[in-house]
Number of protein chains: 6
Amino acid sequence: MTGDFSSEEARRLWLALPTADVEAVLSRALAEDTGWGDITTATTVEPDWPGQARIVARQEGVLAGAWVAEAVFDLVDADLTVALLAADGEPVRPGQTVLEARGSAASILTGERVALNFVQRLSGVASLARRYAEAVAGLPVRIVDTRKTTPGLRLLEKYAVRAGGAHNHRFNLADAILIKDNHLQAAANAGRGLAEVVALARARAPHTLKIQVEVETLDQAREALAAGADALLLDNMSLADLRAAVELAAGRVQLEASGGITLDRVRAVAQTGVDLISVGALTHSAPALDFSLDFEPG
Amino acid sequence: MTGDFSSEEARRLWLALPTADVEAVLSRALAEDTGWGDITTATTVEPDWPGQARIVARQEGVLAGAWVAEAVFDLVDADLTVALLAADGEPVRPGQTVLEARGSAASILTGERVALNFVQRLSGVASLARRYAEAVAGLPVRIVDTRKTTPGLRLLEKYAVRAGGAHNHRFNLADAILIKDNHLQAAANAGRGLAEVVALARARAPHTLKIQVEVETLDQAREALAAGADALLLDNMSLADLRAAVELAAGRVQLEASGGITLDRVRAVAQTGVDLISVGALTHSAPALDFSLDFEPG
Amino acid sequence: MTGDFSSEEARRLWLALPTADVEAVLSRALAEDTGWGDITTATTVEPDWPGQARIVARQEGVLAGAWVAEAVFDLVDADLTVALLAADGEPVRPGQTVLEARGSAASILTGERVALNFVQRLSGVASLARRYAEAVAGLPVRIVDTRKTTPGLRLLEKYAVRAGGAHNHRFNLADAILIKDNHLQAAANAGRGLAEVVALARARAPHTLKIQVEVETLDQAREALAAGADALLLDNMSLADLRAAVELAAGRVQLEASGGITLDRVRAVAQTGVDLISVGALTHSAPALDFSLDFEPG
Amino acid sequence: MTGDFSSEEARRLWLALPTADVEAVLSRALAEDTGWGDITTATTVEPDWPGQARIVARQEGVLAGAWVAEAVFDLVDADLTVALLAADGEPVRPGQTVLEARGSAASILTGERVALNFVQRLSGVASLARRYAEAVAGLPVRIVDTRKTTPGLRLLEKYAVRAGGAHNHRFNLADAILIKDNHLQAAANAGRGLAEVVALARARAPHTLKIQVEVETLDQAREALAAGADALLLDNMSLADLRAAVELAAGRVQLEASGGITLDRVRAVAQTGVDLISVGALTHSAPALDFSLDFEPG
Amino acid sequence: MTGDFSSEEARRLWLALPTADVEAVLSRALAEDTGWGDITTATTVEPDWPGQARIVARQEGVLAGAWVAEAVFDLVDADLTVALLAADGEPVRPGQTVLEARGSAASILTGERVALNFVQRLSGVASLARRYAEAVAGLPVRIVDTRKTTPGLRLLEKYAVRAGGAHNHRFNLADAILIKDNHLQAAANAGRGLAEVVALARARAPHTLKIQVEVETLDQAREALAAGADALLLDNMSLADLRAAVELAAGRVQLEASGGITLDRVRAVAQTGVDLISVGALTHSAPALDFSLDFEPG
Amino acid sequence: MTGDFSSEEARRLWLALPTADVEAVLSRALAEDTGWGDITTATTVEPDWPGQARIVARQEGVLAGAWVAEAVFDLVDADLTVALLAADGEPVRPGQTVLEARGSAASILTGERVALNFVQRLSGVASLARRYAEAVAGLPVRIVDTRKTTPGLRLLEKYAVRAGGAHNHRFNLADAILIKDNHLQAAANAGRGLAEVVALARARAPHTLKIQVEVETLDQAREALAAGADALLLDNMSLADLRAAVELAAGRVQLEASGGITLDRVRAVAQTGVDLISVGALTHSAPALDFSLDFEPG
């Protein structure tokens, strides 16, 4: 439907997500909105009235969640016909129709709010991800998300990050080993140092998992490299220190910059030569992108 | 724990929420974050190491979600001891500790991210609600939320709105009858006018439900009043029109102003004399309030 | 399918009920009846034998649950063809076929008991509701149900009440505020009077909810009216007191009579001028209406 | 707590029922009654007010469901103290207190209706079962229930039947083989006779299951006996035919009389010598037994 | 599809199993294998590439689980076309294709492992069951399974036992009464003997259930027969004792031999005249039968 | 409880597994075994009889599942006291008691079979894993499991593998990227070669995941190494080819040997210098280890 790169990547991740889990998220959203029934629609809109409505963007940004909205309408009423006029990952402008639904007017009304809530939130995430991605355009770096996602929506928010053109960090605590400051503090309290911690993780964990270590200083970075970490999380480091870390690593391990990454500062961070820049705000503070659902007269 | 009014109201709503539903939301959040297991902690932190950690505010705002965080740690490990040092609904300042957890270091580490994700999001909502509530302080009006909530988190976000000092609109489609523009458009397409729609809702729906009608003009407002609506939703009206609507209604029905309500404009809207001002942004666009979890040395 | 008013209202409520919740009730009923399998049918009826059967009324009454039965057969075997020969809300007479099922004989046999159990119970409720509704025919009053429903079947029993031609009271504790004698007793124990209780409910609850107060004497009724209640529940009052309450209220609030409402007495109660008469027996003591499922020879 | 035989048998079955299944039924009942929250109680009863209430019988009958009510209050608030003053299976008289609850007044109010709904329905079933059991007192026969139970409540209703002093037929379609008229009709349509049907069931089903055959005439009874059935269901037979069937069977198989068994007729049926009399009305048409929950002043 | 007797019996049981329960087992298996997504397939196989693959036997044995595999692929992607080339219950030889799947290459890859895991395990069970069944061919005895099944797979493993040509013992603790040594020990500890135990079970349990008693000596067998047991479980008896028990029972009750039944010994046990021989190894120790899924070039 | 290395590793993984998921597996196992109730125990063992029983090993092997058995008894009756006399991962010999349970005799009887089913299966897996681990003792290689686990039991079986002293491969399809022969065939069908496939996976997948490629020849191994794979799966290679692959890789990537790894051959494979040897039989074909539960007299 589009040649846009992020759209293709969004589609790839969308198809990989477990259908049953995604459908469960949507069903729960409908249940929480419906209560024992949409009594307004039931009493004011006859069940056999046909209807036609459009989801229209009211702000400029990047679309994400159109397939989700389609799935919401399908759960409400499998007889609705839904056409997507834009693909997730594509830019939208105010007034642009992204989805058309036809069928029972009552069904469209019952699904309206939940469909919009998903599109608004996910497009908000994708739009912010796009801004970060564009800020580092041309540089060999990935903007990645974090685990600072909205409880219950991790799969969909990570999907929206991809639709925006950024990349995904680990999905959950079992995906990868990330030894953070608090792990190191707990170990230090028991007299165990960084090198020993990394060695134990290597010995005990499945061989399939990479080991990343969070460091705050160059000394720690050196220690982690010596300990055999596969990747470093460089937390809240100055640009100078980031550059020094890049030099230290010399391409042998993945380097991720993290902490206080604003749009203003992200390109400078990228120019230090790190491989990855993680941005929690992508999912925890993206404002909704405004959309409305408009019924057609007639 | 506090004499703060919003804290008391927050507690009231918290206790009214169905425990099983809230716990299900928390359990799913933990499951989505854990995957098949927190392998970093399992391999680097011995199960019997004691730990002590604090959740600390990093920004100024209003706390919400501390009881949620406590419940998260309880789900991870019922043997953790959690002490709340601030109550939901209370203001927090950077550096303030709001929660202390003691017990298995591993358990604290496993629950950390999910606990923080809830506190950050809910405090974000409460903080924005507080700003709106303070902007209309002293006026006989309620700031109310909408159904534009994050899918899956409606109960908790409406709770956070109360913690911020604002009020709740209906929780779901079965709580009240709200005849919106799209219902009226669907009815109009079938040749049925506003008065007839209101009369049918009255005749068909349970007598326990109030009937609110969305109107965009004073003429529609007059028509809805004549039709016997219990409340009007005045959508995107000018201040002058809002004032005129207040005069028309003369205290007989509830008047709610809605649409484009910014912090700059909300007091002027309140001064028109409407009873309620609904603000979607409270839940769809509140940025997270920053908190961290810090392990104690020792 | 019918011009009968209750049928239309039944259909309206049926379509408003959350499909997933209703299907869950049916699936659980099938699971509880099936255990690990219908071994009688499996061993005595070959899977490819065609069958045809009818659900036939054995008593006079009002039909409710035919759509439920259809849904049950659909859950058992989506390839069954089910035709409804009567609509929920219509009167049935002994010997009348209300549903025909064709397809796998084994599937019909496996679904038989569950389908009948629903039709029998719901038609029992609808039939009793119809008798009450007819007893007050022509008077401006609604017969309404209560929360004294069969655990797990509230949605379906309230649906059956509508099919019978009566109306629904609140569906659950979140739909409306009903301050009952026990709430007032608890408040009195703490030194809080009726007026204060009503004022607090008004201040704390969402503005969308009506406030009804249960009263047992005219003095209490006066107090509740003065406190600004939206509706009164007149519990176990004499006809004289009911008439006096109607005079007191003078049309400003909804009046509901309740307690010991028999078929013999209901019209006299209605003639006092109350707006609503609630009858717990509609759902807690309606005997089943008899139906059988008969296989066709051939 | 009691020497009453039905009480002991009720307790035995109660302890055998799967706890998780029973708790699921109760939790669903609470969820359906609570909606998003008990807003009346939340706004009118302070969370820390103590309360004390009694469940009091308002009619004469047999108690069943007191343990269920206790479990309901425990689900609402594990800190409530509940004392049972009567055991399931015992007779109750108007005014008798059967349960006392102490603790949070709010929690008692929130659980009240669900607790009562279970006690009223189950005691209704037990009371009717007791009347049937007493009608055949002294005769070597069991009154048994059927699968005509309320959808979702089979375990609890069969438990109430035992509390009433009657016995249980199979719990579900996997418990036993019961070849009914419709199975025989389906087989006949395919040219397969009763003897062949019984032989196939014997050959194909687990050896652990008894095979019962429904017959309507003495000829069929003879045929079923010859075919090696373990039990006969004598459907709608005259007393004379029942006596003849008893003579035919000569104690070799279990004989169950069924169909149109009223309280007036049940003793005469029992006197024919059948082993079992099944009564669908025990569960499908027992009226509720009236109970109330009364808050104590103080 | 086959005239094989075990195939027909497998199909009969398969159709009797509750569809929802079976589908739940399959869905959970897919969820546990998929995690948050099949990222290998998502990144290396384009969603629109067609594919064609075969499940091929790598060992000689009896097929079971082909319908399960088909259902697995259907759950992964309803648009896959699956053709079964062999029926459950039929013998397979190395190299034989039993199933062909066509459609999205990605979907086939995502379902591959789960489909194979079911086929391998269930065919392993069926193959071992077939060897036992063949070992007693021609003798009037049934090889039956036990409750020593893999947790969560009881329905499917009992199905595989039937596909292998053996029979099913009870499915769960509610199907039949089996008084085992530990029950008798518990009773003996309280001074209650075998005869009393059997009498109490008869008096208290539903009349629909058979009563089987586990005995280890001929004296116990005599005691159980005298007590009126419907069946005996002869545990770990010598061939001589088994023959003696057969003589004692004289065809009045079912006799089941159990304990240490190897393939070498099973025919000798059968020749003692017992009715049933139970073999726990059928489900707890059957090795998997090897199958592979091979993609077609093209 | 033990200084045994596998015991410690087992405990580590056990504590990392998501409690709710494990408990769900156990609850389902109990539900499937119980049906509507343990009627044998209910009718023959009085609820207040005390009991004491032991789980005793009947074969030599390695224990796994003792904590599972403890959890099963806890789910059946939280008042049971369970003492473990051996830890998972420890060797057991015939006659050794591994667990003692005290409390309600009825509860122990109801949980017996499910507890044993878990212990028998998991100890079977651990025992086989131990034999493989011992076969390569002293060599720098890990025996690892596969995804050929019993559907529904993956977490517990991978836990048992660790208890046996072997290691875990990926837990699910999202843990790591493993490009298998079928992925490569699907890609080849579309004209895409191995190098391109690896490059695409690298570009599209989260950077946290390692990329492993299955190869069958040395040429493919060279191609995969050149393409930048992180690990190779050497499928069904001769010892000579394995040695050659080890030389090729020169320690830069992980090498896993797979296919037809018997106990006889495993040490020779390990001596080629590969890092990992995966054995499907650990989970798909381990026979149960025999245990019994014995009631104490008294």
# chains A, B, ... in the order shown; residues from 1 in each chain; ligands from 1
call {"tool": "interface_residues", "arguments": {"of": "chain D", "to": "chain E", "cutoff": "6 Å", "atoms": "only C-alpha atoms", "output": "VMD selection string"}}
result
chain D and resid 168 to 169 175 206
call {"tool": "write_last_selection", "arguments": {"atoms": "C-alpha atoms", "output": "mmCIF file, in the first residue's frame"}}
result
data_model
loop_
_atom_site.group_PDB
_atom_site.id
_atom_site.type_symbol
_atom_site.label_atom_id
_atom_site.label_comp_id
_atom_site.auth_asym_id
_atom_site.auth_seq_id
_atom_site.Cartn_x
_atom_site.Cartn_y
_atom_site.Cartn_z
ATOM 1 C CA ASN D 168 -27.896 -36.366 42.805
ATOM 2 C CA HIS D 169 -28.262 -37.877 39.358
ATOM 3 C CA ASP D 175 -20.633 -39.093 34.134
ATOM 4 C CA PRO D 206 -15.215 -46.676 28.984
#
call {"tool": "select_by_dssp", "arguments": {"residues": "stretch 62-95 of chain F", "states": "alpha helix (DSSP H)", "output": "list in words"}}
result
Ala66, Trp67, Val68, Ala69, Glu70, Ala71, Val72, Phe73, Asp74, Leu75 and Val76 of chain F
call {"tool": "write_last_selection", "arguments": {"atoms": "N, CA, C and O atoms", "output": "mmCIF file, in the first residue's frame"}}
result
data_model
loop_
_atom_site.group_PDB
_atom_site.id
_atom_site.type_symbol
_atom_site.label_atom_id
_atom_site.label_comp_id
_atom_site.auth_asym_id
_atom_site.auth_seq_id
_atom_site.Cartn_x
_atom_site.Cartn_y
_atom_site.Cartn_z
ATOM 1 N N ALA F 66 9.847 -31.606 43.063
ATOM 2 C CA ALA F 66 9.417 -31.682 44.465
ATOM 3 C C ALA F 66 8.738 -30.381 44.883
ATOM 4 O O ALA F 66 7.722 -30.394 45.577
ATOM 5 N N TRP F 67 9.281 -29.241 44.412
ATOM 6 C CA TRP F 67 8.625 -27.964 44.736
ATOM 7 C C TRP F 67 7.271 -27.877 44.037
ATOM 8 O O TRP F 67 6.347 -27.249 44.544
ATOM 9 N N VAL F 68 7.188 -28.472 42.872
ATOM 10 C CA VAL F 68 5.905 -28.486 42.179
ATOM 11 C C VAL F 68 4.890 -29.290 42.989
ATOM 12 O O VAL F 68 3.745 -28.861 43.189
ATOM 13 N N ALA F 69 5.305 -30.453 43.470
ATOM 14 C CA ALA F 69 4.398 -31.272 44.270
ATOM 15 C C ALA F 69 3.950 -30.520 45.515
ATOM 16 O O ALA F 69 2.777 -30.539 45.894
ATOM 17 N N GLU F 70 4.897 -29.847 46.135
ATOM 18 C CA GLU F 70 4.560 -29.045 47.318
ATOM 19 C C GLU F 70 3.509 -27.990 46.953
ATOM 20 O O GLU F 70 2.531 -27.787 47.679
ATOM 21 N N ALA F 71 3.689 -27.345 45.818
ATOM 22 C CA ALA F 71 2.741 -26.317 45.392
ATOM 23 C C ALA F 71 1.379 -26.923 45.059
ATOM 24 O O ALA F 71 0.334 -26.313 45.295
ATOM 25 N N VAL F 72 1.390 -28.135 44.511
ATOM 26 C CA VAL F 72 0.113 -28.810 44.216
ATOM 27 C C VAL F 72 -0.654 -29.058 45.510
ATOM 28 O O VAL F 72 -1.851 -28.751 45.613
ATOM 29 N N PHE F 73 0.017 -29.596 46.498
ATOM 30 C CA PHE F 73 -0.681 -29.852 47.764
ATOM 31 C C PHE F 73 -1.161 -28.544 48.388
ATOM 32 O O PHE F 73 -2.241 -28.492 48.979
ATOM 33 N N ASP F 74 -0.393 -27.500 48.215
ATOM 34 C CA ASP F 74 -0.803 -26.211 48.763
ATOM 35 C C ASP F 74 -2.052 -25.687 48.063
ATOM 36 O O ASP F 74 -2.918 -25.071 48.686
ATOM 37 N N LEU F 75 -2.150 -25.943 46.771
ATOM 38 C CA LEU F 75 -3.346 -25.509 46.036
ATOM 39 C C LEU F 75 -4.569 -26.316 46.463
ATOM 40 O O LEU F 75 -5.676 -25.801 46.548
ATOM 41 N N VAL F 76 -4.367 -27.589 46.727
ATOM 42 C CA VAL F 76 -5.489 -28.438 47.140
ATOM 43 C C VAL F 76 -5.981 -28.029 48.527
ATOM 44 O O VAL F 76 -7.183 -27.934 48.781
#
call {"tool": "select_by_dssp", "arguments": {"residues": "stretch 72-202 of chain C", "states": "strand (DSSP E)", "output": "list in words"}}
result
Thr81, Val82, Ala83, Leu84, Pro91, Val92, Thr97, Val98, Leu99, Glu100, Ala101, Arg102, Gly103, Ser104, Arg142, Ile143, Val144, Ile177, Leu178 and Ile179 of chain C
call {"tool": "write_last_selection", "arguments": {"atoms": "N, CA and C atoms", "output": "PDB file, in the first residue's frame"}}
result
ATOM      1  N   THR C  81     -28.244 -25.644  11.156  1.00  0.00           N
ATOM      2  CA  THR C  81     -29.141 -24.607  10.649  1.00  0.00           C
ATOM      3  C   THR C  81     -30.297 -24.464  11.633  1.00  0.00           C
ATOM      4  N   VAL C  82     -30.453 -23.279  12.153  1.00  0.00           N
ATOM      5  CA  VAL C  82     -31.489 -23.058  13.150  1.00  0.00           C
ATOM      6  C   VAL C  82     -32.466 -22.016  12.625  1.00  0.00           C
ATOM      7  N   ALA C  83     -33.750 -22.330  12.674  1.00  0.00           N
ATOM      8  CA  ALA C  83     -34.776 -21.377  12.258  1.00  0.00           C
ATOM      9  C   ALA C  83     -35.667 -21.072  13.450  1.00  0.00           C
ATOM     10  N   LEU C  84     -35.876 -19.772  13.694  1.00  0.00           N
ATOM     11  CA  LEU C  84     -36.779 -19.371  14.771  1.00  0.00           C
ATOM     12  C   LEU C  84     -38.178 -19.189  14.196  1.00  0.00           C
ATOM     13  N   PRO C  91     -46.227 -14.319  22.698  1.00  0.00           N
ATOM     14  CA  PRO C  91     -46.909 -15.373  23.459  1.00  0.00           C
ATOM     15  C   PRO C  91     -46.721 -16.728  22.781  1.00  0.00           C
ATOM     16  N   VAL C  92     -46.635 -17.770  23.591  1.00  0.00           N
ATOM     17  CA  VAL C  92     -46.616 -19.124  23.023  1.00  0.00           C
ATOM     18  C   VAL C  92     -47.721 -19.945  23.670  1.00  0.00           C
ATOM     19  N   THR C  97     -44.303 -24.840  17.992  1.00  0.00           N
ATOM     20  CA  THR C  97     -42.865 -24.947  17.732  1.00  0.00           C
ATOM     21  C   THR C  97     -42.255 -23.552  17.698  1.00  0.00           C
ATOM     22  N   VAL C  98     -41.194 -23.374  18.420  1.00  0.00           N
ATOM     23  CA  VAL C  98     -40.569 -22.050  18.430  1.00  0.00           C
ATOM     24  C   VAL C  98     -39.223 -22.031  17.720  1.00  0.00           C
ATOM     25  N   LEU C  99     -38.651 -23.212  17.531  1.00  0.00           N
ATOM     26  CA  LEU C  99     -37.317 -23.276  16.918  1.00  0.00           C
ATOM     27  C   LEU C  99     -37.153 -24.620  16.218  1.00  0.00           C
ATOM     28  N   GLU C 100     -36.553 -24.593  15.046  1.00  0.00           N
ATOM     29  CA  GLU C 100     -36.217 -25.820  14.342  1.00  0.00           C
ATOM     30  C   GLU C 100     -34.723 -25.889  14.108  1.00  0.00           C
ATOM     31  N   ALA C 101     -34.124 -27.013  14.398  1.00  0.00           N
ATOM     32  CA  ALA C 101     -32.695 -27.192  14.147  1.00  0.00           C
ATOM     33  C   ALA C 101     -32.497 -28.364  13.198  1.00  0.00           C
ATOM     34  N   ARG C 102     -31.625 -28.186  12.220  1.00  0.00           N
ATOM     35  CA  ARG C 102     -31.261 -29.243  11.276  1.00  0.00           C
ATOM     36  C   ARG C 102     -29.754 -29.332  11.181  1.00  0.00           C
ATOM     37  N   GLY C 103     -29.301 -30.541  10.954  1.00  0.00           N
ATOM     38  CA  GLY C 103     -27.863 -30.734  10.781  1.00  0.00           C
ATOM     39  C   GLY C 103     -27.455 -32.024  11.448  1.00  0.00           C
ATOM     40  N   SER C 104     -26.276 -32.052  11.995  1.00  0.00           N
ATOM     41  CA  SER C 104     -25.789 -33.260  12.646  1.00  0.00           C
ATOM     42  C   SER C 104     -26.679 -33.630  13.824  1.00  0.00           C
ATOM     43  N   ARG C 142     -44.366   1.921  35.404  1.00  0.00           N
ATOM     44  CA  ARG C 142     -43.514   0.856  34.885  1.00  0.00           C
ATOM     45  C   ARG C 142     -43.345  -0.216  35.960  1.00  0.00           C
ATOM     46  N   ILE C 143     -43.538  -1.478  35.564  1.00  0.00           N
ATOM     47  CA  ILE C 143     -43.089  -2.586  36.407  1.00  0.00           C
ATOM     48  C   ILE C 143     -41.593  -2.730  36.169  1.00  0.00           C
ATOM     49  N   VAL C 144     -40.800  -2.736  37.218  1.00  0.00           N
ATOM     50  CA  VAL C 144     -39.345  -2.871  37.028  1.00  0.00           C
ATOM     51  C   VAL C 144     -38.800  -4.029  37.851  1.00  0.00           C
ATOM     52  N   ILE C 177     -27.139   5.652  42.102  1.00  0.00           N
ATOM     53  CA  ILE C 177     -26.948   5.679  43.550  1.00  0.00           C
ATOM     54  C   ILE C 177     -28.289   5.367  44.194  1.00  0.00           C
ATOM     55  N   LEU C 178     -28.312   4.325  44.994  1.00  0.00           N
ATOM     56  CA  LEU C 178     -29.546   3.979  45.721  1.00  0.00           C
ATOM     57  C   LEU C 178     -29.149   3.826  47.191  1.00  0.00           C
ATOM     58  N   ILE C 179     -29.525   4.835  47.960  1.00  0.00           N
ATOM     59  CA  ILE C 179     -29.191   4.850  49.386  1.00  0.00           C
ATOM     60  C   ILE C 179     -30.288   4.071  50.118  1.00  0.00           C
TER      61      ILE C 179
END
call {"tool": "atom_distance", "arguments": {"atom1": "atom CA of D:Thr110", "atom2": "atom CA of C:Thr150"}}
result
17.1 Å
call {"tool": "residues_around", "arguments": {"residues": "stretch 265-267 of chain E", "least_positions_apart": "4", "cutoff": "6 Å", "atoms": "only C-alpha atoms", "output": "PyMOL selection string"}}
result
chain E and resi 135-136+261
call {"tool": "atom_distance", "arguments": {"atom1": "atom CA of D:Gly152", "atom2": "atom CA of B:Thr19"}}
result
22.8 Å
call {"tool": "closest_residue", "arguments": {"among": "D:Asp38, D:Lys148, D:Ala190, D:His284", "to": "D:Arg113", "atoms": "only C-alpha atoms"}}
result
D:Asp38
call {"tool": "residues_around", "arguments": {"residues": "C:Arg147", "least_positions_apart": "6", "cutoff": "12 Å", "atoms": "only C-alpha atoms", "output": "number ranges by chain"}}
result
C: 153-155, 157-158, 168-173, 175, 178, 278-284; D: 29-30, 32-34, 112-117
call {"tool": "write_last_selection", "arguments": {"atoms": "N, CA and C atoms", "output": "compact mmCIF listing (two decimals), in the first residue's frame"}}
result
# COMPACT_ATOMS: atom_id res chain seq x y z
N LEU C 153 -26.59 -14.72 35.76
CA LEU C 153 -27.55 -14.57 34.67
C LEU C 153 -28.20 -13.20 34.62
N ARG C 154 -27.60 -12.20 35.28
CA ARG C 154 -28.31 -10.93 35.36
C ARG C 154 -28.65 -10.33 34.00
N LEU C 155 -27.68 -10.31 33.09
CA LEU C 155 -27.94 -9.70 31.79
C LEU C 155 -29.09 -10.40 31.10
N GLU C 157 -31.47 -12.35 32.42
CA GLU C 157 -32.76 -12.23 33.11
C GLU C 157 -33.35 -10.83 32.94
N LYS C 158 -32.52 -9.81 32.92
CA LYS C 158 -33.04 -8.46 32.69
C LYS C 158 -33.55 -8.35 31.25
N ASN C 168 -36.40 -2.32 33.18
CA ASN C 168 -35.21 -2.62 33.99
C ASN C 168 -34.91 -1.52 34.98
N HIS C 169 -34.60 -1.91 36.20
CA HIS C 169 -33.99 -1.00 37.18
C HIS C 169 -32.49 -1.03 36.89
N ARG C 170 -31.69 -0.48 37.79
CA ARG C 170 -30.25 -0.43 37.51
C ARG C 170 -29.68 -1.86 37.32
N PHE C 171 -28.67 -1.97 36.50
CA PHE C 171 -28.05 -3.26 36.21
C PHE C 171 -27.02 -3.65 37.26
N ASN C 172 -26.39 -2.65 37.87
CA ASN C 172 -25.37 -2.98 38.88
C ASN C 172 -25.15 -1.79 39.80
N LEU C 173 -24.26 -1.97 40.73
CA LEU C 173 -24.06 -0.96 41.79
C LEU C 173 -23.42 0.33 41.28
N ASP C 175 -24.39 1.84 38.34
CA ASP C 175 -25.33 2.48 37.42
C ASP C 175 -26.06 3.67 38.00
N LEU C 178 -28.31 4.33 44.99
CA LEU C 178 -29.55 3.98 45.72
C LEU C 178 -29.15 3.83 47.19
N SER C 278 -41.37 -2.04 41.71
CA SER C 278 -40.33 -3.06 41.53
C SER C 278 -40.76 -4.38 42.15
N VAL C 279 -40.45 -5.45 41.45
CA VAL C 279 -40.94 -6.78 41.82
C VAL C 279 -39.77 -7.76 41.76
N GLY C 280 -39.23 -8.13 42.91
CA GLY C 280 -38.11 -9.07 42.96
C GLY C 280 -38.47 -10.44 42.42
N ALA C 281 -39.73 -10.83 42.63
CA ALA C 281 -40.14 -12.18 42.22
C ALA C 281 -39.97 -12.41 40.73
N LEU C 282 -39.97 -11.35 39.92
CA LEU C 282 -39.81 -11.52 38.47
C LEU C 282 -38.60 -12.39 38.17
N THR C 283 -37.55 -12.20 38.92
CA THR C 283 -36.34 -12.96 38.63
C THR C 283 -36.00 -14.00 39.69
N HIS C 284 -36.46 -13.82 40.95
CA HIS C 284 -36.01 -14.81 41.94
C HIS C 284 -36.99 -15.96 42.14
N ALA D 29 -20.35 -13.53 40.07
CA ALA D 29 -21.57 -12.92 40.61
C ALA D 29 -21.27 -11.56 41.21
N LEU D 30 -20.16 -11.46 41.91
CA LEU D 30 -19.78 -10.17 42.49
C LEU D 30 -19.45 -9.16 41.38
N GLU D 32 -20.55 -9.07 38.34
CA GLU D 32 -21.75 -8.65 37.60
C GLU D 32 -22.58 -7.69 38.43
N ASP D 33 -22.52 -7.80 39.75
CA ASP D 33 -23.30 -6.90 40.59
C ASP D 33 -22.58 -5.58 40.85
N THR D 34 -21.29 -5.59 40.80
CA THR D 34 -20.52 -4.42 41.20
C THR D 34 -20.30 -3.43 40.05
N GLU D 112 -23.75 -7.61 50.37
CA GLU D 112 -25.10 -7.97 50.79
C GLU D 112 -25.95 -8.68 49.73
N ARG D 113 -26.13 -8.02 48.60
CA ARG D 113 -27.09 -8.53 47.61
C ARG D 113 -26.64 -9.87 47.02
N VAL D 114 -25.35 -9.99 46.72
CA VAL D 114 -24.87 -11.23 46.13
C VAL D 114 -25.00 -12.38 47.14
N ALA D 115 -24.62 -12.11 48.38
CA ALA D 115 -24.75 -13.14 49.42
C ALA D 115 -26.21 -13.59 49.52
N LEU D 116 -27.11 -12.62 49.58
CA LEU D 116 -28.53 -12.97 49.70
C LEU D 116 -29.04 -13.72 48.47
N ASN D 117 -28.60 -13.28 47.29
CA ASN D 117 -29.09 -13.96 46.08
C ASN D 117 -28.74 -15.44 46.10
